[in-house]
file work31.cif (mmCIF, C-alpha atoms)
data_entry
#
loop_
_atom_site.label_atom_id
_atom_site.label_comp_id
_atom_site.auth_asym_id
_atom_site.auth_seq_id
_atom_site.Cartn_x
_atom_site.Cartn_y
_atom_site.Cartn_z
CA MET Y 1 -5.80 32.04 12.33
CA GLY Y 2 -6.59 29.33 14.87
CA ILE Y 3 -8.40 26.07 14.58
CA GLY Y 4 -11.58 27.66 15.93
CA SER Y 5 -11.79 30.00 12.93
CA LEU Y 6 -11.64 27.11 10.44
CA SER Y 7 -14.82 27.03 8.38
CA MET Y 8 -16.64 23.80 7.61
CA GLY Y 9 -16.14 24.34 3.86
CA SER Y 10 -12.37 24.72 4.13
CA PHE Y 11 -12.24 21.75 6.50
CA LEU Y 12 -14.13 19.54 4.03
CA SER Y 13 -12.03 20.74 1.10
CA GLY Y 14 -8.92 19.87 3.13
CA ILE Y 15 -10.30 16.37 3.74
CA ARG Y 16 -11.12 15.99 0.03
CA ALA Y 17 -7.63 17.14 -0.92
CA PHE Y 18 -6.13 14.59 1.50
CA LEU Y 19 -8.29 11.67 0.38
CA TRP Y 20 -9.60 12.13 -3.13
CA SER Y 21 -7.92 14.20 -5.75
CA ASP Y 22 -8.28 14.33 -9.49
CA LEU Y 23 -5.09 12.51 -10.44
CA PRO Y 24 -4.04 10.71 -13.61
CA PRO Y 25 -4.64 6.95 -13.60
CA TRP Y 26 -0.93 6.10 -13.40
CA ARG Y 27 -0.60 8.13 -10.21
CA MET Y 28 -3.63 6.40 -8.69
CA GLY Y 29 -2.01 3.05 -9.56
CA LEU Y 30 1.26 4.19 -8.02
CA SER Y 31 -0.56 5.21 -4.83
CA ALA Y 32 -2.19 1.79 -4.52
CA ALA Y 33 1.10 0.05 -5.30
CA ILE Y 34 2.93 1.95 -2.56
CA GLY Y 35 0.22 1.05 -0.06
CA VAL Y 36 0.38 -2.65 -0.89
CA PHE Y 37 4.16 -2.75 -0.97
CA ILE Y 38 4.55 -1.15 2.46
CA ALA Y 39 1.78 -3.38 3.84
CA VAL Y 40 3.76 -6.56 3.25
CA THR Y 41 7.08 -5.26 4.56
CA PRO Y 42 8.10 -5.94 8.16
CA THR Y 43 7.45 -2.36 9.24
CA ILE Y 44 4.56 -3.07 11.59
CA GLY Y 45 3.84 -0.01 13.67
CA PHE Y 46 5.28 2.41 11.11
CA GLN Y 47 3.30 1.39 8.04
CA THR Y 48 0.75 4.19 8.12
CA VAL Y 49 3.40 6.86 8.57
CA LEU Y 50 5.53 5.36 5.78
CA VAL Y 51 2.59 5.07 3.39
CA VAL Y 52 1.44 8.67 3.92
CA ALA Y 53 5.01 9.99 3.67
CA LEU Y 54 5.89 8.09 0.48
CA VAL Y 55 2.60 8.83 -1.26
CA SER Y 56 2.90 12.49 -0.32
CA LEU Y 57 6.38 12.57 -1.84
CA VAL Y 58 5.05 11.35 -5.18
CA ARG Y 59 1.92 13.51 -4.82
CA GLY Y 60 -0.34 10.49 -4.94
CA ASN Y 61 -3.72 9.70 -3.47
CA ARG Y 62 -3.19 9.20 0.26
CA GLY Y 63 -6.65 7.77 0.84
CA LEU Y 64 -6.24 5.07 -1.79
CA ALA Y 65 -2.79 4.19 -0.47
CA LEU Y 66 -4.10 3.90 3.09
CA VAL Y 67 -6.96 1.67 1.95
CA THR Y 68 -4.64 -0.68 0.05
CA SER Y 69 -2.19 -0.77 2.95
CA GLY Y 70 -5.10 -2.11 4.98
CA ILE Y 71 -4.34 -5.62 3.73
CA ALA Y 72 -1.93 -5.72 6.66
CA ASN Y 73 -4.23 -5.95 9.64
CA PRO Y 74 -4.27 -8.09 12.79
CA TRP Y 75 -5.96 -10.98 10.96
CA THR Y 76 -3.67 -11.05 7.93
CA ILE Y 77 -0.27 -10.10 9.36
CA PRO Y 78 0.56 -13.67 10.51
CA PHE Y 79 -0.13 -14.97 6.99
CA ILE Y 80 1.86 -12.14 5.38
CA VAL Y 81 4.87 -12.76 7.64
CA TYR Y 82 4.67 -16.51 6.98
CA ILE Y 83 4.55 -16.05 3.20
CA ASP Y 84 7.39 -13.51 3.36
CA PHE Y 85 9.44 -15.97 5.45
CA LYS Y 86 8.80 -18.85 3.06
CA VAL Y 87 9.73 -16.79 -0.02
CA GLY Y 88 12.83 -15.45 1.74
CA SER Y 89 13.79 -18.98 2.81
CA PHE Y 90 13.40 -20.19 -0.75
CA LEU Y 91 15.71 -17.44 -2.01
CA LEU Y 92 18.28 -17.52 0.79
CA GLY Y 93 18.37 -21.26 1.28
CA ASN Y 94 17.04 -23.55 3.94
CA GLY Y 95 15.04 -21.83 6.65
CA SER Y 96 12.78 -23.65 9.02
CA TRP Y 97 9.60 -22.10 10.38
CA VAL Y 98 8.85 -25.19 12.49
CA GLY Y 99 10.47 -25.01 15.90
CA LEU Y 100 11.50 -21.37 15.49
CA THR Y 101 10.16 -20.48 18.94
CA GLU Y 102 11.96 -23.40 20.63
CA ARG Y 103 15.34 -22.39 19.25
CA PHE Y 104 14.71 -18.67 19.74
CA THR Y 105 17.90 -16.67 20.14
CA PHE Y 106 18.94 -13.30 18.81
CA GLY Y 107 20.81 -15.12 16.04
CA THR Y 108 17.72 -17.02 14.92
CA LEU Y 109 15.65 -13.87 15.23
CA GLY Y 110 18.05 -11.99 12.97
CA ASP Y 111 18.06 -14.86 10.49
CA ALA Y 112 14.26 -15.04 10.48
CA TYR Y 113 13.97 -11.26 10.08
CA MET Y 114 16.37 -11.31 7.13
CA ARG Y 115 14.27 -14.02 5.47
CA VAL Y 116 11.09 -12.03 6.07
CA LEU Y 117 12.73 -8.84 4.78
CA VAL Y 118 14.01 -10.46 1.58
CA GLY Y 119 10.72 -12.29 1.04
CA SER Y 120 8.71 -9.12 1.60
CA MET Y 121 10.66 -7.31 -1.10
CA ILE Y 122 9.74 -10.00 -3.63
CA VAL Y 123 6.14 -10.45 -2.47
CA GLY Y 124 5.65 -6.68 -2.10
CA THR Y 125 7.05 -5.88 -5.53
CA THR Y 126 4.93 -8.57 -7.17
CA LEU Y 127 1.74 -7.44 -5.45
CA ALA Y 128 2.54 -3.77 -6.07
CA VAL Y 129 2.94 -4.34 -9.82
CA ILE Y 130 -0.30 -6.34 -10.04
CA ILE Y 131 -2.41 -4.02 -7.86
CA GLY Y 132 -0.88 -0.89 -9.37
CA ALA Y 133 -1.66 -2.08 -12.90
CA LEU Y 134 -5.23 -3.07 -11.98
CA VAL Y 135 -5.97 0.22 -10.22
CA SER Y 136 -4.40 2.22 -13.03
CA ALA Y 137 -6.47 0.34 -15.61
CA TYR Y 138 -9.62 0.85 -13.54
CA PHE Y 139 -9.12 4.62 -13.28
CA HIS Y 140 -8.09 4.81 -16.94
CA ARG Y 141 -11.32 3.06 -17.93
CA LYS Y 142 -13.31 5.20 -15.49
CA GLY Y 143 -11.82 8.33 -17.08
CA LYS Y 144 -12.75 7.13 -20.57
CA ASP Y 145 -16.28 6.28 -19.44
CA LYS Y 146 -16.62 9.76 -17.94
CA SER Y 147 -15.50 11.42 -21.16
CA ILE Y 148 -17.97 9.32 -23.17
CA ILE Y 149 -20.80 10.40 -20.87
CA ASP Y 150 -19.69 14.02 -21.11
CA LYS Y 151 -19.67 13.81 -24.92
CA ARG Y 152 -23.18 12.29 -24.93
CA GLU Y 153 -24.45 15.12 -22.74
CA GLU Y 154 -22.93 17.67 -25.10
CA MET Y 155 -24.75 16.09 -28.07
CA VAL Y 156 -28.19 16.44 -26.46
#
call {"tool": "encode", "arguments": {"input": "work31.cif", "output": "structure tokens"}}
result
Amino acid sequence: MGIGSLSMGSFLSGIRAFLWSDLPPWRMGLSAAIGVFIAVTPTIGFQTVLVVALVSLVRGNRGLALVTSGIANPWTIPFIVYIDFKVGSFLLGNGSWVGLTERFTFGTLGDAYMRVLVGSMIVGTTLAVIIGALVSAYFHRKGKDKSIIDKREEMV
């Protein structure tokens, strides 16, 4: 069965299965949390692959995870890296962002990367918990609202 014999209905159902699935609220929250966490890690260039792979492993909503990982884009990445660096510097001790390019060596690059990596773990975990809880609560409420509407329709 080749790609030419793929019907439009099966193609659309495949897209729906990839993007939107009927999952419990906690799994929707987990999907969003994974997307946000990976977005703030220094994995630029591999983020999309990592997000899809991790969310697929936990059988989450890939579409939601990809949307939330979109916080890392060309306009926000400099801010994300700076915040990660500052948090990492706070935790690991003195690290100076000013003059980093003037004293650029592989040693300073490794030091800066370590600060960004450590900072991203803290920032990513914090954002993942917050976003995951908010998304989970949203879908939990949406599920309750849907059941209330369904019950009203049954009464009529």
call {"tool": "residues_around", "arguments": {"input": "work31.cif", "residues": "Gly60 in chain Y", "least_positions_apart": "2", "cutoff": "8 Å", "atoms": "all atoms listed in the file", "output": "list in words"}}
result
Leu23, Arg27, Met28, Leu30, Ser31, Val55, Ser56, Leu57, Val58 and Arg62 of chain Y
call {"tool": "closest_atom_pairs", "arguments": {"input": "work31.cif", "of": "range 106-125 of chain Y", "to": "range 131-134 of chain Y", "cutoff": "12 Å", "atoms": "all atoms listed in the file", "output": "JSON lines"}}
result
{"residue": "Y:Val123", "atom": "CA", "partner": "Y:Ile131", "partner_atom": "CA", "distance": 12.0}
{"residue": "Y:Gly124", "atom": "CA", "partner": "Y:Ile131", "partner_atom": "CA", "distance": 10.3}
{"residue": "Y:Thr125", "atom": "CA", "partner": "Y:Ile131", "partner_atom": "CA", "distance": 9.9}
call {"tool": "resolve_selection", "arguments": {"input": "work31.cif", "expression": "the PyMOL selection byres ((chain Y and resi 114) around 12)", "output": "JSON, numbers by chain"}}
result
{"Y": [41, 42, 81, 84, 85, 86, 87, 88, 89, 91, 92, 93, 95, 107, 108, 109, 110, 111, 112, 113, 115, 116, 117, 118, 119, 120, 121]}
call {"tool": "write_last_selection", "arguments": {"input": "work31.cif", "atoms": "C-alpha atoms", "output": "compact mmCIF listing (two decimals), in the coordinates of the input"}}
result
# COMPACT_ATOMS: atom_id res chain seq x y z
CA THR Y 41 7.08 -5.26 4.56
CA PRO Y 42 8.10 -5.94 8.16
CA VAL Y 81 4.87 -12.76 7.64
CA ASP Y 84 7.39 -13.51 3.36
CA PHE Y 85 9.44 -15.97 5.45
CA LYS Y 86 8.80 -18.85 3.06
CA VAL Y 87 9.73 -16.79 -0.02
CA GLY Y 88 12.83 -15.45 1.74
CA SER Y 89 13.79 -18.98 2.81
CA LEU Y 91 15.71 -17.44 -2.01
CA LEU Y 92 18.28 -17.52 0.79
CA GLY Y 93 18.37 -21.26 1.28
CA GLY Y 95 15.04 -21.83 6.65
CA GLY Y 107 20.81 -15.12 16.04
CA THR Y 108 17.72 -17.02 14.92
CA LEU Y 109 15.65 -13.87 15.23
CA GLY Y 110 18.05 -11.99 12.97
CA ASP Y 111 18.06 -14.86 10.49
CA ALA Y 112 14.26 -15.04 10.48
CA TYR Y 113 13.97 -11.26 10.08
CA ARG Y 115 14.27 -14.02 5.47
CA VAL Y 116 11.09 -12.03 6.07
CA LEU Y 117 12.73 -8.84 4.78
CA VAL Y 118 14.01 -10.46 1.58
CA GLY Y 119 10.72 -12.29 1.04
CA SER Y 120 8.71 -9.12 1.60
CA MET Y 121 10.66 -7.31 -1.10
call {"tool": "axis_aligned_box", "arguments": {"input": "work31.cif", "around": "range 32-43 of chain Y", "padding_each_side": "3 Å", "output": "lines of an AutoDock Vina configuration file"}}
result
center_x = 3.0
center_y = -2.3
center_z = 2.0
size_x = 16.3
size_y = 14.5
size_z = 20.5
call {"tool": "atom_distance", "arguments": {"input": "work31.cif", "atom1": "CA of Ala65 in chain Y", "atom2": "CA of Pro78 in chain Y"}}
result
21.2 Å
call {"tool": "atom_distance", "arguments": {"input": "work31.cif", "atom1": "CA of Ser69 in chain Y", "atom2": "CA of Lys142 in chain Y"}}
result
22.3 Å
call {"tool": "closest_residue", "arguments": {"input": "work31.cif", "among": "Y:Val129, Y:Ile44, Y:Leu12, Y:Ile34", "to": "Leu66 in chain Y", "atoms": "all atoms listed in the file"}}
result
Y:Ile34
call {"tool": "closest_residue", "arguments": {"input": "work31.cif", "among": "Y:Thr43, Y:Arg59, Y:Val49, Y:Met8", "to": "Ala72 in chain Y", "atoms": "only C-alpha atoms"}}
result
Y:Thr43
call {"tool": "closest_residue", "arguments": {"input": "work31.cif", "among": "Y:Gly9, Y:Gly35, Y:Gly45, Y:Pro25", "to": "Gly63 in chain Y", "atoms": "all atoms listed in the file"}}
result
Y:Gly35
call {"tool": "resolve_selection", "arguments": {"input": "work31.cif", "expression": "the PyMOL selection byres ((chain Y and resi 71) around 9)", "output": "list in words"}}
result
Gly35, Val36, Ala39, Val40, Val67, Thr68, Ser69, Gly70, Ala72, Asn73, Thr76 and Ile77 of chain Y
call {"tool": "atom_distance", "arguments": {"input": "work31.cif", "atom1": "CA of Ile130 in chain Y", "atom2": "CA of Leu54 in chain Y"}}
result
18.9 Å
call {"tool": "closest_residue", "arguments": {"input": "work31.cif", "among": "Y:Ala33, Y:Ile80, Y:Leu64, Y:Val52", "to": "Thr126 in chain Y", "atoms": "all atoms listed in the file"}}
result
Y:Ala33
